[in-house]
>>> print(open('my_file_19.cif').read())   # mmCIF, C-alpha atoms
data_run
loop_
_atom_site.label_atom_id
_atom_site.label_comp_id
_atom_site.auth_asym_id
_atom_site.auth_seq_id
_atom_site.Cartn_x
_atom_site.Cartn_y
_atom_site.Cartn_z
CA MET A 263 54.08 10.30 79.78
CA LEU A 264 50.51 10.44 81.08
CA GLU A 265 51.71 11.64 84.49
CA ALA A 266 53.30 14.63 82.78
CA GLN A 267 50.05 15.48 81.01
CA PHE A 268 47.92 15.49 84.17
CA PRO A 269 49.28 17.52 87.12
CA GLU A 270 48.90 16.39 90.73
CA THR A 271 46.11 18.88 91.42
CA VAL A 272 43.99 17.26 88.74
CA GLU A 273 44.66 13.73 90.02
CA THR A 274 43.63 14.57 93.58
CA GLN A 275 40.64 16.81 92.74
CA PRO A 276 38.25 14.88 90.49
CA GLU A 277 35.69 17.69 90.50
CA LEU A 278 38.24 19.78 88.56
CA VAL A 279 38.54 16.98 86.04
CA ALA A 280 34.79 16.76 85.57
CA HIS A 281 34.49 20.52 85.18
CA HIS A 282 37.44 21.32 82.93
CA TYR A 283 37.98 18.21 80.81
CA THR A 284 36.06 17.64 77.63
CA GLU A 285 34.61 14.30 76.70
CA ALA A 286 37.34 13.92 74.08
CA SER A 287 40.03 14.02 76.79
CA LEU A 288 38.14 11.59 79.04
CA VAL A 289 39.87 8.63 77.40
CA GLU A 290 43.33 9.91 78.35
CA GLN A 291 42.24 10.82 81.87
CA ALA A 292 40.59 7.42 82.41
CA ILE A 293 43.69 5.60 81.18
CA PHE A 294 45.75 7.74 83.55
CA TYR A 295 43.63 6.69 86.54
CA TRP A 296 43.58 3.03 85.52
CA GLN A 297 47.33 2.92 85.14
CA ARG A 298 47.99 4.70 88.43
CA ALA A 299 45.50 2.55 90.32
CA GLY A 300 46.92 -0.63 88.81
CA GLN A 301 50.44 0.38 89.81
CA ARG A 302 49.31 1.04 93.38
CA VAL A 303 47.59 -2.34 93.63
CA VAL A 304 50.66 -4.24 92.41
CA ARG A 305 52.81 -2.31 94.90
CA ALA A 306 50.27 -3.11 97.65
CA GLU A 307 49.56 0.61 98.16
CA LEU A 308 45.94 -0.34 98.55
CA GLN A 309 44.33 2.68 100.19
CA THR A 310 45.80 4.89 97.46
CA ALA A 311 44.48 2.48 94.83
CA ARG A 312 41.05 2.65 96.42
CA GLU A 313 41.09 6.45 96.40
CA LEU A 314 42.09 6.49 92.74
CA GLY A 315 39.31 4.04 91.95
CA GLU A 316 36.78 6.24 93.71
CA GLU A 317 38.02 9.28 91.79
CA LEU A 318 37.73 7.38 88.53
CA LEU A 319 34.17 6.36 89.45
CA THR A 320 33.29 10.02 90.12
CA LEU A 321 34.70 10.96 86.72
CA ALA A 322 32.87 8.12 84.96
CA GLN A 323 29.55 8.91 86.66
CA HIS A 324 29.83 12.55 85.58
CA PHE A 325 30.00 11.55 81.93
CA GLN A 326 27.77 8.46 82.37
CA ASP A 327 29.94 6.53 79.95
CA PRO A 328 29.58 2.74 80.41
CA THR A 329 33.15 2.13 79.22
CA TYR A 330 34.66 4.13 82.04
CA LEU A 331 32.10 3.01 84.58
CA LEU A 332 33.24 -0.53 83.72
CA GLY A 333 36.86 0.40 84.38
CA ALA A 334 36.03 2.23 87.60
CA HIS A 335 34.09 -0.71 89.05
CA TRP A 336 36.87 -3.09 88.01
CA THR A 337 39.50 -0.92 89.70
CA LEU A 338 37.50 -0.61 92.91
CA GLY A 339 36.80 -4.35 92.96
CA GLY A 340 40.51 -5.13 93.02
CA ALA A 341 41.43 -2.59 95.69
CA LEU A 342 38.50 -3.47 97.96
CA PHE A 343 39.12 -7.20 97.70
CA CYS A 344 42.72 -6.80 98.81
CA LEU A 345 41.58 -4.58 101.69
CA GLY A 346 39.30 -7.36 102.91
CA GLU A 347 35.98 -5.77 101.87
CA LEU A 348 35.02 -8.92 100.05
CA VAL A 349 31.27 -8.50 99.55
CA LEU A 350 31.66 -4.94 98.27
CA ALA A 351 34.45 -6.06 95.94
CA ARG A 352 32.19 -8.74 94.49
CA GLU A 353 29.46 -6.14 93.88
CA HIS A 354 31.83 -3.83 91.98
CA TRP A 355 33.15 -6.70 89.87
CA ALA A 356 29.58 -7.80 89.11
CA GLN A 357 28.76 -4.30 87.86
CA SER A 358 31.92 -4.22 85.77
CA ILE A 359 31.12 -7.56 84.15
CA ALA A 360 27.50 -6.53 83.49
CA LEU A 361 28.65 -3.37 81.69
CA TYR A 362 30.95 -5.19 79.29
CA GLU A 363 30.00 -5.18 75.61
CA PRO A 364 32.39 -7.28 73.45
CA GLN A 365 32.14 -5.16 70.30
CA GLN A 366 32.36 -1.85 72.12
CA HIS A 367 35.05 -2.71 74.67
CA TYR A 368 37.42 -5.00 72.82
CA ALA A 369 39.77 -2.02 72.46
CA HIS A 370 40.59 -2.40 76.18
CA THR A 371 42.91 -5.23 75.22
CA VAL A 372 44.94 -2.80 73.13
CA LEU A 373 44.73 0.15 75.55
CA PHE A 374 45.69 -1.68 78.73
CA GLY A 375 47.48 -4.80 77.56
CA TRP A 376 44.77 -7.11 78.89
CA ASN A 377 41.03 -7.52 78.57
CA LEU A 378 39.12 -6.09 81.55
CA ASN A 379 36.23 -8.51 81.07
CA VAL A 380 38.31 -11.67 81.32
CA PHE A 381 40.47 -10.12 84.06
CA GLY A 382 37.37 -9.32 86.10
CA ARG A 383 35.94 -12.78 85.54
CA ALA A 384 39.29 -14.25 86.62
CA TRP A 385 39.62 -12.24 89.85
CA ALA A 386 35.98 -12.07 90.94
CA PRO A 387 35.93 -15.86 91.64
CA HIS A 388 38.42 -15.23 94.45
CA ALA A 389 35.83 -13.06 96.17
CA LEU A 390 33.09 -15.58 95.44
CA TRP A 391 35.13 -18.38 97.01
CA SER A 392 36.02 -16.25 100.01
CA ILE A 393 32.42 -15.37 100.83
CA GLY A 394 31.29 -18.97 100.55
CA TYR A 395 30.35 -19.77 96.96
CA PRO A 396 33.04 -22.19 95.72
CA ASP A 397 30.97 -23.67 92.89
CA GLN A 398 29.96 -20.29 91.47
CA ALA A 399 33.59 -19.26 91.71
CA LEU A 400 34.74 -22.30 89.74
CA ALA A 401 32.10 -21.78 87.03
CA MET A 402 33.13 -18.15 86.50
CA SER A 403 36.82 -19.06 86.48
CA ARG A 404 36.20 -21.61 83.74
CA GLU A 405 34.28 -18.99 81.75
CA ALA A 406 37.24 -16.63 82.08
CA VAL A 407 39.67 -19.24 80.74
CA THR A 408 37.39 -19.99 77.79
CA LEU A 409 36.98 -16.29 76.95
CA ALA A 410 40.73 -15.70 77.22
CA GLN A 411 41.42 -18.62 74.88
CA GLU A 412 38.98 -17.18 72.36
CA LEU A 413 40.73 -13.80 72.45
CA SER A 414 44.01 -15.32 71.24
CA HIS A 415 45.80 -12.76 73.44
CA PRO A 416 48.71 -14.45 75.27
CA PHE A 417 49.02 -11.99 78.15
CA SER A 418 45.31 -12.09 79.03
CA LEU A 419 45.40 -15.90 78.92
CA ALA A 420 48.51 -16.08 81.13
CA VAL A 421 46.85 -13.81 83.70
CA VAL A 422 43.64 -15.83 83.71
CA LEU A 423 45.48 -19.16 84.06
CA ASP A 424 47.37 -17.92 87.11
CA TYR A 425 44.16 -16.67 88.75
CA ALA A 426 42.54 -20.02 87.97
CA ALA A 427 45.46 -21.89 89.54
CA MET A 428 45.08 -19.77 92.67
CA LEU A 429 41.35 -20.48 92.87
CA HIS A 430 42.05 -24.21 92.70
CA GLN A 431 44.58 -23.74 95.50
CA PHE A 432 41.83 -22.14 97.60
CA ARG A 433 39.67 -25.17 96.82
CA ARG A 434 42.50 -27.59 97.78
CA GLU A 435 42.71 -29.19 94.32
CA PRO A 436 46.44 -29.78 93.68
CA GLN A 437 46.09 -31.58 90.36
CA ALA A 438 44.05 -28.73 88.89
CA VAL A 439 46.52 -26.22 90.35
CA HIS A 440 49.36 -28.06 88.65
CA GLU A 441 47.59 -28.14 85.28
CA ARG A 442 46.65 -24.45 85.26
CA ALA A 443 50.07 -23.38 86.56
CA GLU A 444 51.88 -25.52 84.00
CA ALA A 445 49.93 -23.91 81.16
CA ALA A 446 50.63 -20.43 82.56
CA ILE A 447 54.34 -21.18 82.94
CA ALA A 448 54.59 -22.29 79.32
CA LEU A 449 52.95 -19.08 78.07
CA CYS A 450 54.95 -16.83 80.39
CA THR A 451 58.23 -18.48 79.45
CA GLU A 452 57.49 -18.08 75.75
CA HIS A 453 56.48 -14.42 76.00
CA GLY A 454 58.64 -13.20 78.88
CA PHE A 455 55.92 -12.41 81.45
CA ALA A 456 58.21 -12.48 84.49
CA TYR A 457 55.71 -11.65 87.24
CA TYR A 458 53.14 -14.19 86.11
CA LEU A 459 55.85 -16.78 85.54
CA ALA A 460 56.92 -16.40 89.18
CA TRP A 461 53.28 -16.65 90.29
CA GLY A 462 52.73 -19.85 88.32
CA THR A 463 55.98 -21.34 89.63
CA THR A 464 54.88 -20.74 93.22
CA MET A 465 51.49 -22.34 92.54
CA GLN A 466 53.12 -25.34 90.93
CA GLY A 467 55.43 -25.79 93.91
CA TRP A 468 52.44 -25.80 96.28
CA ALA A 469 50.78 -28.49 94.16
CA GLN A 470 53.91 -30.63 94.29
CA VAL A 471 54.08 -30.45 98.10
CA ALA A 472 50.36 -31.25 98.34
CA GLN A 473 50.95 -34.33 96.17
CA GLY A 474 53.84 -35.56 98.32
CA GLN A 475 56.80 -34.20 96.35
CA ASP A 476 58.09 -32.29 99.37
CA VAL A 477 61.70 -31.54 98.40
CA GLU A 478 60.94 -30.55 94.81
CA GLY A 479 57.85 -28.60 95.78
CA LEU A 480 59.49 -26.57 98.55
CA ALA A 481 62.43 -25.72 96.31
CA ARG A 482 60.07 -24.61 93.55
CA MET A 483 58.00 -22.49 95.93
CA ARG A 484 61.10 -20.78 97.28
CA HIS A 485 62.31 -20.13 93.74
CA GLY A 486 58.95 -18.68 92.74
CA LEU A 487 58.76 -16.47 95.83
CA ALA A 488 62.29 -15.13 95.22
CA ALA A 489 61.36 -14.36 91.61
CA LEU A 490 58.20 -12.56 92.74
CA ARG A 491 60.19 -10.40 95.15
CA ALA A 492 62.68 -9.62 92.36
CA THR A 493 59.90 -8.03 90.27
CA GLY A 494 59.33 -5.45 93.01
CA ALA A 495 55.66 -6.41 93.36
CA ALA A 496 54.30 -6.61 96.91
CA LEU A 497 50.71 -7.66 96.20
CA ARG A 498 49.76 -11.05 97.71
CA LEU A 499 53.13 -11.41 99.42
CA PRO A 500 51.39 -12.41 102.69
CA TYR A 501 49.48 -15.11 100.80
CA TYR A 502 52.59 -16.53 99.12
CA LEU A 503 54.44 -16.54 102.44
CA ALA A 504 51.49 -18.35 104.02
CA LEU A 505 51.61 -21.02 101.30
CA LEU A 506 55.28 -21.61 102.01
CA ALA A 507 54.66 -21.60 105.77
CA GLU A 508 51.91 -24.20 105.38
CA ALA A 509 54.21 -26.34 103.24
CA CYS A 510 56.91 -26.08 105.90
CA GLY A 511 54.39 -27.26 108.49
CA ARG A 512 53.48 -30.25 106.34
CA THR A 513 57.15 -31.23 106.13
CA GLY A 514 57.97 -30.89 109.84
CA GLN A 515 59.51 -27.42 109.66
CA ALA A 516 57.05 -25.61 111.94
CA VAL A 517 59.59 -23.15 113.36
CA GLU A 518 60.51 -21.91 109.87
CA GLY A 519 56.82 -21.77 109.05
CA LEU A 520 56.14 -19.54 112.06
CA ALA A 521 58.93 -17.19 110.99
CA LEU A 522 57.38 -16.92 107.53
CA LEU A 523 53.96 -16.20 109.04
CA ALA A 524 55.45 -13.46 111.22
CA GLU A 525 56.76 -11.80 108.05
CA ALA A 526 53.42 -12.35 106.32
CA LEU A 527 51.47 -10.72 109.15
CA ALA A 528 53.88 -7.77 109.28
CA GLN A 529 53.52 -7.24 105.52
CA ALA A 530 49.73 -7.59 105.68
CA HIS A 531 49.50 -4.94 108.41
CA LYS A 532 51.90 -2.62 106.60
CA ALA A 533 49.92 -2.73 103.36
CA GLU A 534 46.48 -3.28 104.98
CA GLU A 535 46.19 -6.30 102.70
CA SER A 536 43.75 -8.25 104.82
CA TRP A 537 41.86 -10.58 102.48
CA MET A 538 43.75 -13.63 103.83
CA GLU A 539 44.48 -12.33 107.33
CA ALA A 540 42.15 -14.83 108.98
CA GLU A 541 44.05 -17.68 107.32
CA LEU A 542 47.39 -16.29 108.51
CA HIS A 543 46.22 -16.43 112.12
CA ARG A 544 44.70 -19.89 111.66
CA LEU A 545 47.91 -21.27 110.19
CA LYS A 546 49.90 -19.74 113.04
CA GLY A 547 47.61 -21.52 115.48
CA GLU A 548 47.98 -24.82 113.66
CA LEU A 549 51.80 -24.57 113.59
CA LEU A 550 51.91 -23.70 117.28
CA LEU A 551 49.77 -26.75 118.06
CA SER A 552 52.19 -28.93 116.11
CA LEU A 553 55.09 -27.90 118.36
CA SER A 554 53.90 -28.99 121.81
CA ALA A 555 51.05 -28.78 124.30
CA ASP A 556 52.82 -25.81 125.90
CA HIS A 557 51.61 -23.66 123.01
CA HIS A 558 47.91 -24.58 123.25
CA ALA A 559 46.88 -21.34 124.95
CA GLU A 560 48.64 -19.15 122.38
CA ALA A 561 47.31 -21.30 119.56
CA GLY A 562 43.78 -20.98 120.90
CA GLY A 563 44.15 -17.20 120.83
CA CYS A 564 45.26 -17.33 117.19
CA LEU A 565 42.28 -19.48 116.21
CA HIS A 566 39.89 -17.19 118.07
CA GLN A 567 41.35 -14.21 116.21
CA ALA A 568 41.04 -16.05 112.88
CA LEU A 569 37.35 -16.68 113.53
CA ALA A 570 36.72 -13.07 114.51
CA ILE A 571 38.43 -11.67 111.39
CA ALA A 572 36.67 -14.10 109.03
CA ARG A 573 33.28 -13.24 110.52
CA CYS A 574 33.96 -9.51 110.30
CA GLN A 575 34.88 -9.86 106.61
CA GLN A 576 32.01 -12.30 105.89
CA ALA A 577 34.71 -14.66 104.62
CA LYS A 578 32.67 -17.83 105.05
CA SER A 579 35.23 -20.19 103.53
CA LEU A 580 37.94 -18.95 105.89
CA GLU A 581 35.50 -19.02 108.80
CA LEU A 582 34.85 -22.68 108.03
CA ARG A 583 38.57 -23.47 108.15
CA ALA A 584 39.04 -21.54 111.38
CA ALA A 585 36.03 -23.29 112.92
CA MET A 586 37.45 -26.70 111.95
CA SER A 587 40.80 -25.88 113.56
CA GLN A 588 39.10 -24.58 116.70
CA SER A 589 36.78 -27.60 116.85
CA ARG A 590 39.70 -30.04 116.63
CA LEU A 591 41.42 -28.23 119.50
CA TRP A 592 38.27 -28.30 121.61
CA GLN A 593 37.81 -31.97 120.76
CA GLN A 594 41.25 -32.67 122.22
CA GLN A 595 40.28 -30.69 125.30
CA GLY A 596 37.07 -32.68 125.80
CA LYS A 597 34.74 -29.89 124.65
CA ARG A 598 32.93 -32.00 122.08
CA ALA A 599 29.53 -30.31 122.39
CA GLU A 600 30.99 -26.82 121.98
CA ALA A 601 33.10 -28.01 119.07
CA HIS A 602 30.09 -29.54 117.30
CA GLN A 603 27.95 -26.45 117.79
CA LEU A 604 30.65 -24.10 116.49
CA LEU A 605 31.30 -26.12 113.35
CA ALA A 606 27.67 -26.98 112.65
CA GLU A 607 26.66 -23.31 112.60
CA ILE A 608 29.05 -22.39 109.80
CA TYR A 609 28.69 -25.70 107.91
CA ASP A 610 24.89 -25.31 107.81
CA TRP A 611 25.28 -21.88 106.24
CA PHE A 612 26.71 -23.32 103.01
CA THR A 613 24.46 -24.10 100.05
CA GLU A 614 27.10 -25.39 97.58
CA GLY A 615 30.60 -26.79 97.35
CA PHE A 616 29.88 -29.95 99.32
CA ASP A 617 32.28 -31.95 97.15
CA THR A 618 35.22 -29.66 97.98
CA PRO A 619 37.86 -30.97 100.41
CA ASP A 620 37.10 -28.35 103.06
CA LEU A 621 33.39 -29.09 103.24
CA ARG A 622 33.96 -32.85 103.07
CA ALA A 623 36.41 -32.57 105.98
CA ALA A 624 33.96 -30.44 107.94
CA LYS A 625 31.19 -32.99 107.45
CA ALA A 626 33.47 -35.84 108.56
CA LEU A 627 34.51 -33.91 111.67
CA LEU A 628 30.87 -33.12 112.51
CA GLU A 629 30.00 -36.83 112.28
CA GLU A 630 32.96 -37.66 114.52
CA LEU A 631 31.97 -35.03 117.08
CA ALA A 632 28.35 -36.21 117.07
#
>>> encode(input="my_file_19.cif", output="structure tokens")
Amino acid sequence: MLEAQFPETVETQPELVAHHYTEASLVEQAIFYWQRAGQRVVRAELQTARELGEELLTLAQHFQDPTYLLGAHWTLGGALFCLGELVLAREHWAQSIALYEPQQHYAHTVLFGWNLNVFGRAWAPHALWSIGYPDQALAMSREAVTLAQELSHPFSLAVVLDYAAMLHQFRREPQAVHERAEAAIALCTEHGFAYYLAWGTTMQGWAQVAQGQDVEGLARMRHGLAALRATGAALRLPYYLALLAEACGRTGQAVEGLALLAEALAQAHKAEESWMEAELHRLKGELLLSLSADHHAEAGGCLHQALAIARCQQAKSLELRAAMSQSRLWQQQGKRAEAHQLLAEIYDWFTEGFDTPDLRAAKALLEELA
């Protein structure tokens, strides 16, 4: 209905909107942009989503209305994160969160079906983790869950629980992943939230594999991934494929894992969804190494590419993983000094998260190399 109210020329020329639209019609126009941008993100049409977010920001800045500035920064945060511009995404989300006023903006829950404040606080931790702040990410994620519970709004809570489960997956915490996913699955089953049910199912399957329930976990992951595809959503498909590929590697199915990663990389390039691209290349390198020594040269190229992408994106957590994989390979090749130097440089950058599995593993490897 909103698309019929606002012709294409208005959507693509924000200066016309600012000139011709009254403040009374700003609400409808802002909702129009939010809905269109959200659709494009879910479909993994990320450059279009970014352009819509920028147009919404232009509109909001013209009227200097904090409500619509909040929505514009939130929209841009999501699009930029998926495009791999992690630091800039975090900045937009921070501005969105800072602009939120509970009494003034509670109506968002009615207008959009979810609360932008809790949604932002649920997604922003993914950027925080990526750029190297795992403890800050966890603290904000917990705040988001608490706020969502206080809202008594089932859809917002289901969304937040799935994002929290994903953050715990980043942090390699399978028990926490299982708990958050289980809670999300219960809500989604009760209320019929198909997309978020599929997301939670995939997360729960990963947790089962990580805890040694290989057969059940792989089956659950495959079921969740099939259900996600059935919704028509393309967002995060490379990430879900990577999870399944990693699980295949853990269970001795490296060839299948490599096929899944090939699909993941193709989808990531098609959609320009690059926030986990470094991890895709690292996992490819690891699976190649698990096959035979004949693949060491190709694997080394994958790990080098993973490091380069992570550094370009300032994705410190992914750089740490890539450096660990590269250091282990160099250790096998007798390059202990180079391996230690590479890993020490990124490990010494961190100021928090030293109790997380990744940083504990990095410290243990550094001690071994020394």
>>> atom_distance(input="my_file_19.cif", atom1="CA of Cys574 in chain A", atom2="CA of Met538 in chain A")
12.4 Å
>>> closest_residue(input="my_file_19.cif", among="A:Ala351, A:Leu503, A:Ala420, A:Leu523", to="Arg491 in chain A", atoms="all atoms listed in the file")
A:Leu503
>>> closest_residue(input="my_file_19.cif", among="A:Gln603, A:Gln297, A:Ser552, A:Thr320", to="Glu629 in chain A", atoms="all atoms listed in the file")
A:Gln603
>>> resolve_selection(input="my_file_19.cif", expression="the PyMOL selection byres ((chain A and resi 543) around 12)", output="ChimeraX atom specification")
/A:500-501,504,507-508,520,523-524,526-528,530,536,538-542,544-550,560-572,580-581,583-584,587-588
>>> resolve_selection(input="my_file_19.cif", expression="the PyMOL selection byres ((chain A and resi 446-453) around 7)", output="PDB file with C-alpha atoms, in the coordinates of the input")
ATOM      1  CA  PRO A 416      48.710 -14.450  75.270  1.00  0.00           C
ATOM      2  CA  ALA A 420      48.510 -16.080  81.130  1.00  0.00           C
ATOM      3  CA  LEU A 423      45.480 -19.160  84.060  1.00  0.00           C
ATOM      4  CA  ASP A 424      47.370 -17.920  87.110  1.00  0.00           C
ATOM      5  CA  ARG A 442      46.650 -24.450  85.260  1.00  0.00           C
ATOM      6  CA  ALA A 443      50.070 -23.380  86.560  1.00  0.00           C
ATOM      7  CA  GLU A 444      51.880 -25.520  84.000  1.00  0.00           C
ATOM      8  CA  ALA A 445      49.930 -23.910  81.160  1.00  0.00           C
ATOM      9  CA  GLY A 454      58.640 -13.200  78.880  1.00  0.00           C
ATOM     10  CA  PHE A 455      55.920 -12.410  81.450  1.00  0.00           C
ATOM     11  CA  ALA A 456      58.210 -12.480  84.490  1.00  0.00           C
ATOM     12  CA  TYR A 458      53.140 -14.190  86.110  1.00  0.00           C
ATOM     13  CA  LEU A 459      55.850 -16.780  85.540  1.00  0.00           C
ATOM     14  CA  GLY A 462      52.730 -19.850  88.320  1.00  0.00           C
ATOM     15  CA  THR A 463      55.980 -21.340  89.630  1.00  0.00           C
TER      16      THR A 463
END
>>> closest_residue(input="my_file_19.cif", among="A:Leu487, A:Leu591, A:Leu499, A:Leu505", to="Leu631 in chain A", atoms="all atoms listed in the file")
A:Leu591
>>> atom_distance(input="my_file_19.cif", atom1="CA of Met483 in chain A", atom2="CA of Ala469 in chain A")
9.6 Å
>>> atom_distance(input="my_file_19.cif", atom1="CA of Arg352 in chain A", atom2="CA of Phe294 in chain A")
24.0 Å
>>> closest_residue(input="my_file_19.cif", among="A:Ala489, A:Leu348, A:Leu332, A:Leu627", to="Ala360 in chain A", atoms="all atoms listed in the file")
A:Leu332
>>> resolve_selection(input="my_file_19.cif", expression="the PyMOL selection byres ((chain A and resi 399) around 8)", output="mmCIF file with C-alpha atoms, in the frame of the given file")
data_model
loop_
_atom_site.group_PDB
_atom_site.id
_atom_site.type_symbol
_atom_site.label_atom_id
_atom_site.label_comp_id
_atom_site.auth_asym_id
_atom_site.auth_seq_id
_atom_site.Cartn_x
_atom_site.Cartn_y
_atom_site.Cartn_z
ATOM 1 C CA ALA A 386 35.980 -12.070 90.940
ATOM 2 C CA PRO A 387 35.930 -15.860 91.640
ATOM 3 C CA HIS A 388 38.420 -15.230 94.450
ATOM 4 C CA ALA A 389 35.830 -13.060 96.170
ATOM 5 C CA LEU A 390 33.090 -15.580 95.440
ATOM 6 C CA TRP A 391 35.130 -18.380 97.010
ATOM 7 C CA TYR A 395 30.350 -19.770 96.960
ATOM 8 C CA PRO A 396 33.040 -22.190 95.720
ATOM 9 C CA ASP A 397 30.970 -23.670 92.890
ATOM 10 C CA GLN A 398 29.960 -20.290 91.470
ATOM 11 C CA LEU A 400 34.740 -22.300 89.740
ATOM 12 C CA ALA A 401 32.100 -21.780 87.030
ATOM 13 C CA MET A 402 33.130 -18.150 86.500
ATOM 14 C CA SER A 403 36.820 -19.060 86.480
ATOM 15 C CA LEU A 429 41.350 -20.480 92.870
#
>>> closest_residue(input="my_file_19.cif", among="A:Trp336, A:Ile393, A:Gly494, A:Gln575", to="Asn379 in chain A", atoms="only C-alpha atoms")
A:Trp336
>>> residues_around(input="my_file_19.cif", residues="Pro619 in chain A", least_positions_apart="5", cutoff="10 Å", atoms="only C-alpha atoms", output="list in words")
Arg433, Arg434, Glu435, Ala624 and Lys625 of chain A
>>> closest_residue(input="my_file_19.cif", among="A:Leu497, A:Ala606, A:Leu582, A:Ala438", to="Asp620 in chain A", atoms="all atoms listed in the file")
A:Leu582
>>> residues_around(input="my_file_19.cif", residues="Val471 in chain A", least_positions_apart="5", cutoff="9 Å", atoms="all atoms listed in the file", output="ChimeraX atom specification")
/A:436,466,476-480,509,512-513
>>> axis_aligned_box(input="my_file_19.cif", around="range 320-335 of chain A", padding_each_side="6 Å", output="JSON")
{"center_x": 32.3, "center_y": 5.9, "center_z": 84.7, "size_x": 21.1, "size_y": 25.3, "size_z": 22.9}
